[in-house]
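Listing of start_39.cif, mmCIF, C-alpha atoms; chains and numbers go by the auth columns
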data_run
loop_
_atom_site.group_PDB
_atom_site.id
_atom_site.type_symbol
_atom_site.label_atom_id
_atom_site.label_comp_id
_atom_site.label_asym_id
_atom_site.label_seq_id
_atom_site.Cartn_x
_atom_site.Cartn_y
_atom_site.Cartn_z
_atom_site.B_iso_or_equiv
_atom_site.auth_seq_id
_atom_site.auth_asym_id
ATOM 1 C CA MET A 1 33.302 26.156 40.761 0.00 1 A
ATOM 2 C CA THR A 2 34.238 22.711 39.461 0.00 2 A
ATOM 3 C CA HIS A 3 35.251 22.019 35.890 0.00 3 A
ATOM 4 C CA LYS A 4 31.961 20.176 35.262 0.00 4 A
ATOM 5 C CA GLN A 5 29.878 23.083 36.608 0.00 5 A
ATOM 6 C CA LEU A 6 31.868 25.559 34.530 0.00 6 A
ATOM 7 C CA THR A 7 31.259 23.460 31.369 0.00 7 A
ATOM 8 C CA ILE A 8 27.496 23.368 32.036 0.00 8 A
ATOM 9 C CA VAL A 9 27.311 27.152 32.673 0.00 9 A
ATOM 10 C CA LEU A 10 29.315 27.941 29.520 0.00 10 A
ATOM 11 C CA SER A 11 27.168 25.553 27.451 0.00 11 A
ATOM 12 C CA LEU A 12 23.958 27.173 28.698 0.00 12 A
ATOM 13 C CA ALA A 13 25.376 30.637 27.993 0.00 13 A
ATOM 14 C CA LEU A 14 26.340 29.602 24.482 0.00 14 A
ATOM 15 C CA VAL A 15 22.848 28.211 23.816 0.00 15 A
ATOM 16 C CA ALA A 16 21.251 31.385 25.177 0.00 16 A
ATOM 17 C CA ALA A 17 23.514 33.548 22.993 0.00 17 A
ATOM 18 C CA PHE A 18 22.532 31.594 19.886 0.00 18 A
ATOM 19 C CA ALA A 19 18.849 31.891 20.774 0.00 19 A
ATOM 20 C CA VAL A 20 19.076 35.681 21.210 0.00 20 A
ATOM 21 C CA ALA A 21 21.032 36.030 17.967 0.00 21 A
ATOM 22 C CA ALA A 22 18.518 33.954 16.046 0.00 22 A
ATOM 23 C CA ARG A 23 15.599 36.052 17.323 0.00 23 A
ATOM 24 C CA SER A 24 17.283 39.368 16.528 0.00 24 A
ATOM 25 C CA GLN A 25 17.980 38.533 12.892 0.00 25 A
ATOM 26 C CA THR A 26 15.464 39.866 10.429 0.00 26 A
ATOM 27 C CA PRO A 27 14.219 37.469 7.797 0.00 27 A
ATOM 28 C CA SER A 28 15.700 37.981 4.353 0.00 28 A
ATOM 29 C CA THR A 29 12.277 37.717 2.745 0.00 29 A
ATOM 30 C CA PRO A 30 9.173 39.508 3.937 0.00 30 A
ATOM 31 C CA GLN A 31 6.626 37.473 5.854 0.00 31 A
ATOM 32 C CA GLN A 32 3.730 36.332 3.701 0.00 32 A
ATOM 33 C CA SER A 33 0.170 36.273 4.832 0.00 33 A
ATOM 34 C CA PRO A 34 -1.424 32.804 5.105 0.00 34 A
ATOM 35 C CA GLN A 35 -3.429 33.498 1.960 0.00 35 A
ATOM 36 C CA ALA A 36 -0.321 34.424 -0.022 0.00 36 A
ATOM 37 C CA SER A 37 1.452 31.213 0.995 0.00 37 A
ATOM 38 C CA ALA A 38 -1.304 28.961 -0.370 0.00 38 A
ATOM 39 C CA PRO A 39 -0.186 26.336 -2.914 0.00 39 A
ATOM 40 C CA SER A 40 0.424 27.768 -6.339 0.00 40 A
ATOM 41 C CA GLN A 41 -1.694 26.904 -9.333 0.00 41 A
ATOM 42 C CA ASP A 42 1.299 25.092 -10.855 0.00 42 A
ATOM 43 C CA LEU A 43 0.919 22.088 -8.542 0.00 43 A
ATOM 44 C CA PRO A 44 -0.879 19.006 -9.883 0.00 44 A
ATOM 45 C CA LYS A 45 -4.513 18.777 -8.894 0.00 45 A
ATOM 46 C CA THR A 46 -4.589 14.993 -8.492 0.00 46 A
ATOM 47 C CA TYR A 47 -2.278 12.326 -7.146 0.00 47 A
ATOM 48 C CA LEU A 48 -1.487 9.405 -9.420 0.00 48 A
ATOM 49 C CA PRO A 49 -0.344 6.383 -7.405 0.00 49 A
ATOM 50 C CA GLY A 50 2.689 4.509 -8.641 0.00 50 A
ATOM 51 C CA LEU A 51 2.780 0.790 -9.340 0.00 51 A
ATOM 52 C CA GLY A 52 4.183 0.115 -5.861 0.00 52 A
ATOM 53 C CA ASP A 53 1.160 1.811 -4.283 0.00 53 A
ATOM 54 C CA PHE A 54 -1.184 -0.381 -6.300 0.00 54 A
ATOM 55 C CA MET A 55 0.800 -3.531 -5.533 0.00 55 A
ATOM 56 C CA GLY A 56 0.688 -2.784 -1.806 0.00 56 A
ATOM 57 C CA ARG A 57 -3.083 -2.531 -2.050 0.00 57 A
ATOM 58 C CA ILE A 58 -3.237 -5.743 -4.113 0.00 58 A
ATOM 59 C CA GLN A 59 -1.202 -7.523 -1.452 0.00 59 A
ATOM 60 C CA THR A 60 -3.602 -6.347 1.260 0.00 60 A
ATOM 61 C CA ASP A 61 -6.665 -7.433 -0.738 0.00 61 A
ATOM 62 C CA HIS A 62 -4.979 -10.764 -1.541 0.00 62 A
ATOM 63 C CA ALA A 63 -4.409 -11.418 2.177 0.00 63 A
ATOM 64 C CA LYS A 64 -7.929 -10.391 3.145 0.00 64 A
ATOM 65 C CA LEU A 65 -9.366 -12.574 0.388 0.00 65 A
ATOM 66 C CA TRP A 66 -7.584 -15.612 1.834 0.00 66 A
ATOM 67 C CA LEU A 67 -8.602 -14.793 5.410 0.00 67 A
ATOM 68 C CA ALA A 68 -12.249 -14.396 4.388 0.00 68 A
ATOM 69 C CA GLY A 69 -12.252 -17.654 2.407 0.00 69 A
ATOM 70 C CA GLU A 70 -10.462 -19.545 5.159 0.00 70 A
ATOM 71 C CA ALA A 71 -13.145 -18.349 7.593 0.00 71 A
ATOM 72 C CA ARG A 72 -15.817 -19.430 5.059 0.00 72 A
ATOM 73 C CA ASN A 73 -17.112 -15.868 5.016 0.00 73 A
ATOM 74 C CA TRP A 74 -18.170 -16.049 1.383 0.00 74 A
ATOM 75 C CA GLU A 75 -19.834 -12.654 1.369 0.00 75 A
ATOM 76 C CA LEU A 76 -16.608 -11.009 2.515 0.00 76 A
ATOM 77 C CA ALA A 77 -14.548 -13.158 0.121 0.00 77 A
ATOM 78 C CA GLU A 78 -16.734 -11.986 -2.765 0.00 78 A
ATOM 79 C CA TYR A 79 -16.279 -8.380 -1.649 0.00 79 A
ATOM 80 C CA GLN A 80 -12.484 -8.731 -1.328 0.00 80 A
ATOM 81 C CA LEU A 81 -12.253 -10.356 -4.746 0.00 81 A
ATOM 82 C CA GLY A 82 -14.190 -7.397 -6.158 0.00 82 A
ATOM 83 C CA GLU A 83 -11.716 -5.022 -4.513 0.00 83 A
ATOM 84 C CA LEU A 84 -8.811 -6.999 -5.957 0.00 84 A
ATOM 85 C CA LYS A 85 -10.330 -6.890 -9.449 0.00 85 A
ATOM 86 C CA GLU A 86 -10.860 -3.140 -9.118 0.00 86 A
ATOM 87 C CA VAL A 87 -7.205 -2.513 -8.282 0.00 87 A
ATOM 88 C CA PHE A 88 -6.013 -4.770 -11.131 0.00 88 A
ATOM 89 C CA SER A 89 -8.242 -2.730 -13.436 0.00 89 A
ATOM 90 C CA ASP A 90 -6.774 0.513 -12.050 0.00 90 A
ATOM 91 C CA VAL A 91 -3.271 -0.767 -12.776 0.00 91 A
ATOM 92 C CA GLN A 92 -4.275 -1.623 -16.345 0.00 92 A
ATOM 93 C CA ASP A 93 -5.758 1.845 -16.828 0.00 93 A
ATOM 94 C CA LEU A 94 -3.215 3.979 -14.977 0.00 94 A
ATOM 95 C CA VAL A 95 0.073 2.050 -15.201 0.00 95 A
ATOM 96 C CA PRO A 96 -0.255 -0.120 -18.322 0.00 96 A
ATOM 97 C CA ARG A 97 3.552 -0.056 -18.755 0.00 97 A
ATOM 98 C CA TYR A 98 6.163 0.110 -16.032 0.00 98 A
ATOM 99 C CA GLN A 99 9.826 0.496 -16.938 0.00 99 A
ATOM 100 C CA ASN A 100 9.010 -0.794 -20.420 0.00 100 A
ATOM 101 C CA ILE A 101 7.192 -3.849 -19.025 0.00 101 A
ATOM 102 C CA PRO A 102 3.589 -4.299 -20.305 0.00 102 A
ATOM 103 C CA VAL A 103 1.999 -4.706 -16.884 0.00 103 A
ATOM 104 C CA GLY A 104 -1.559 -4.280 -18.165 0.00 104 A
ATOM 105 C CA GLU A 105 -1.152 -7.038 -20.746 0.00 105 A
ATOM 106 C CA MET A 106 0.498 -9.290 -18.171 0.00 106 A
ATOM 107 C CA ILE A 107 -2.490 -8.901 -15.869 0.00 107 A
ATOM 108 C CA ASP A 108 -4.793 -9.977 -18.694 0.00 108 A
ATOM 109 C CA ALA A 109 -2.615 -12.942 -19.615 0.00 109 A
ATOM 110 C CA ILE A 110 -1.750 -14.251 -16.174 0.00 110 A
ATOM 111 C CA ILE A 111 -4.411 -13.167 -13.699 0.00 111 A
ATOM 112 C CA THR A 112 -7.766 -13.168 -15.515 0.00 112 A
ATOM 113 C CA GLY A 113 -8.346 -16.951 -15.603 0.00 113 A
ATOM 114 C CA THR A 114 -7.571 -17.370 -11.927 0.00 114 A
ATOM 115 C CA ILE A 115 -10.048 -14.635 -11.046 0.00 115 A
ATOM 116 C CA THR A 116 -12.806 -16.551 -12.848 0.00 116 A
ATOM 117 C CA ASP A 117 -11.906 -19.710 -10.906 0.00 117 A
ATOM 118 C CA LEU A 118 -12.084 -17.763 -7.635 0.00 118 A
ATOM 119 C CA GLU A 119 -15.455 -16.282 -8.568 0.00 119 A
ATOM 120 C CA ASN A 120 -16.808 -19.792 -9.241 0.00 120 A
ATOM 121 C CA ALA A 121 -15.379 -21.200 -6.006 0.00 121 A
ATOM 122 C CA ILE A 122 -16.880 -18.359 -3.977 0.00 122 A
ATOM 123 C CA ALA A 123 -20.256 -18.673 -5.733 0.00 123 A
ATOM 124 C CA THR A 124 -20.396 -22.405 -4.911 0.00 124 A
ATOM 125 C CA ARG A 125 -18.952 -21.869 -1.415 0.00 125 A
ATOM 126 C CA ASP A 126 -16.429 -24.607 -2.029 0.00 126 A
ATOM 127 C CA PHE A 127 -13.355 -24.135 0.125 0.00 127 A
ATOM 128 C CA GLY A 128 -11.377 -26.832 -1.697 0.00 128 A
ATOM 129 C CA LYS A 129 -11.869 -25.084 -5.031 0.00 129 A
ATOM 130 C CA PHE A 130 -11.303 -21.725 -3.391 0.00 130 A
ATOM 131 C CA SER A 131 -8.015 -22.882 -1.911 0.00 131 A
ATOM 132 C CA THR A 132 -6.794 -24.238 -5.253 0.00 132 A
ATOM 133 C CA ALA A 133 -7.875 -21.103 -7.129 0.00 133 A
ATOM 134 C CA PHE A 134 -6.274 -18.874 -4.502 0.00 134 A
ATOM 135 C CA ASP A 135 -2.998 -20.756 -4.801 0.00 135 A
ATOM 136 C CA ASP A 136 -3.237 -20.460 -8.597 0.00 136 A
ATOM 137 C CA LEU A 137 -3.733 -16.703 -8.241 0.00 137 A
ATOM 138 C CA THR A 138 -0.714 -16.512 -5.936 0.00 138 A
ATOM 139 C CA THR A 139 1.381 -18.492 -8.423 0.00 139 A
ATOM 140 C CA ALA A 140 0.195 -16.169 -11.207 0.00 140 A
ATOM 141 C CA CYS A 141 1.221 -13.123 -9.162 0.00 141 A
ATOM 142 C CA ASN A 142 4.679 -14.585 -8.610 0.00 142 A
ATOM 143 C CA SER A 143 4.965 -15.506 -12.312 0.00 143 A
ATOM 144 C CA CYS A 144 4.215 -11.909 -13.181 0.00 144 A
ATOM 145 C CA HIS A 145 6.856 -10.709 -10.710 0.00 145 A
ATOM 146 C CA GLN A 146 9.404 -13.075 -12.254 0.00 146 A
ATOM 147 C CA ALA A 147 8.553 -11.962 -15.798 0.00 147 A
ATOM 148 C CA ALA A 148 8.928 -8.335 -14.704 0.00 148 A
ATOM 149 C CA ASN A 149 12.392 -9.039 -13.224 0.00 149 A
ATOM 150 C CA ARG A 150 11.010 -8.737 -9.697 0.00 150 A
ATOM 151 C CA ALA A 151 11.392 -12.370 -8.583 0.00 151 A
ATOM 152 C CA PHE A 152 12.537 -11.107 -5.192 0.00 152 A
ATOM 153 C CA ILE A 153 8.886 -10.182 -4.537 0.00 153 A
ATOM 154 C CA ALA A 154 7.379 -13.540 -3.591 0.00 154 A
ATOM 155 C CA ILE A 155 3.761 -13.614 -2.435 0.00 155 A
ATOM 156 C CA ARG A 156 2.249 -16.480 -0.426 0.00 156 A
ATOM 157 C CA ARG A 157 -0.795 -17.416 1.579 0.00 157 A
ATOM 158 C CA PRO A 158 -1.033 -15.437 4.778 0.00 158 A
ATOM 159 C CA THR A 159 -0.146 -17.514 7.829 0.00 159 A
ATOM 160 C CA GLN A 160 -1.928 -15.147 10.200 0.00 160 A
ATOM 161 C CA SER A 161 -4.043 -12.029 10.068 0.00 161 A
ATOM 162 C CA ASN A 162 -2.356 -8.660 10.232 0.00 162 A
ATOM 163 C CA PHE A 163 -5.793 -7.105 10.618 0.00 163 A
ATOM 164 C CA SER A 164 -6.597 -7.418 14.312 0.00 164 A
ATOM 165 C CA ASN A 165 -9.261 -4.750 13.884 0.00 165 A
ATOM 166 C CA GLN A 166 -11.330 -6.818 11.424 0.00 166 A
ATOM 167 C CA GLU A 167 -13.433 -9.919 12.019 0.00 167 A
ATOM 168 C CA PHE A 168 -13.191 -12.428 9.193 0.00 168 A
ATOM 169 C CA SER A 169 -15.649 -14.997 10.531 0.00 169 A
ATOM 170 C CA PRO A 170 -19.118 -14.737 9.019 0.00 170 A
ATOM 171 C CA ALA A 171 -21.681 -12.845 11.070 0.00 171 A
ATOM 172 C CA LYS A 172 -24.104 -14.971 13.075 0.00 172 A
ATOM 173 C CA ARG A 173 -27.583 -14.718 11.605 0.00 173 A
#

Would you kindly transcribe this structure into structure tokens?
Amino acid sequence: MTHKQLTIVLSLALVAAFAVAARSQTPSTPQQSPQASAPSQDLPKTYLPGLGDFMGRIQTDHAKLWLAGEARNWELAEYQLGELKEVFSDVQDLVPRYQNIPVGEMIDAIITGTITDLENAIATRDFGKFSTAFDDLTTACNSCHQAANRAFIAIRRPTQSNFSNQEFSPAKR
């Protein structure tokens, strides 16, 4: 038997010995029935997203808002703006302060006016106004990040869609 064959045989024997030893050991705690291992009543009943979770959603809605407006799909743009407003509202309600930064107040001060401009641009189906208002919203987001000592988070217009499973062009009627 060659040295290589001997090494393989000894390795396999060692693995087999460990497997047999592991199976023969009795568990130190008795096995629980599936019902007994259910989550305890001490666990929280609801999940509260953190600010990062909300900001990830805001970034997605921000991108989809631009893609809808760029495609002149005003119905979808209106919907995406509504989604964006909803998440901003959730942040104000659920994470009004983050690391001693008044996030809720900052949203009111920085974002609210740009939302109104976007609503007006979408209502009038004016891409020029939409584009300007969208850029103002993006600037407001980045201003908020800078004020919150998060200047390294820089948002911009999407340059392409990351949503290959969604059509942004308006439906043919």

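You will find atom CA of Leu65 of chain A at 22.6 Å from atom CA of Ala151 of chain A.
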
- Query: Restricting the calculation to only C-alpha atoms, which member of A:Phe163, A:Trp66, A:Phe54, A:Trp74 is positioned closest to Arg125 of chain A?
  - Reply: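 Using only C-alpha atoms, the shortest distance to Arg125 of chain A belongs to A:Trp74.
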
Box dimensions and centre (Å, one decimal) enclosing segment 131-143 of chain A, axis-aligned, 3 Å extra per side, as lines of an AutoDock Vina configuration file:
center_x = -1.5
center_y = -18.7
center_z = -7.1
size_x = 19.0
size_y = 17.1
size_z = 16.4

Evaluated on this file, the PyMOL selection byres ((chain A and resi 156) around 12) picks out some residues - which ones are they, written as a VMD selection string?
chain A and resid 59 to 60 62 to 63 66 134 to 142 153 to 155 157 to 160

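Taking atom CA of Ala171 of chain A and atom CA of Leu84 of chain A as the two end points, the separation is 22.1 Å.
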
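Distance check against Gly113 of chain A using all atoms listed in the file: of A:Phe168, A:Gly52, A:Tyr98, A:Ala133, the minimum falls on A:Ala133.
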
Judged by all atoms listed in the file, the minimum distance to Ala147 of chain A among A:Asp90, A:Glu105, A:Glu75, A:Asp126 is found for A:Glu105

Polymer residues at most 8 Å from segment 116-119 of chain A, all atoms listed in the file, same-chain spacing of 4 or more positions, as a list in words:
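Residues meeting the cut-off are Glu78, Leu81, Thr112, Ala123, Lys129, Phe130, Ala133 and Phe134 of chain A.
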
- In Å to one decimal, how far is atom CA of Ala77 of chain A from atom CA of Ile122 of chain A?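 Interatomic distance here is 7.0 Å.
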
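Between Ser161 of chain A and the residues A:Ile101, A:Ile58, A:Ile115, A:Leu67, the shortest atom-to-atom distance, using all atoms listed in the file, involves A:Leu67.
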
Next item on the list: Kindly indicate which residue among A:Lys172, A:Asn149, A:Lys64, A:Gly69 lies nearest to Thr124 of chain A, using all atoms listed in the file for the distances.
Entry: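 Going through A:Lys172, A:Asn149, A:Lys64, A:Gly69 one by one, the smallest distance to Thr124 of chain A is for A:Gly69.
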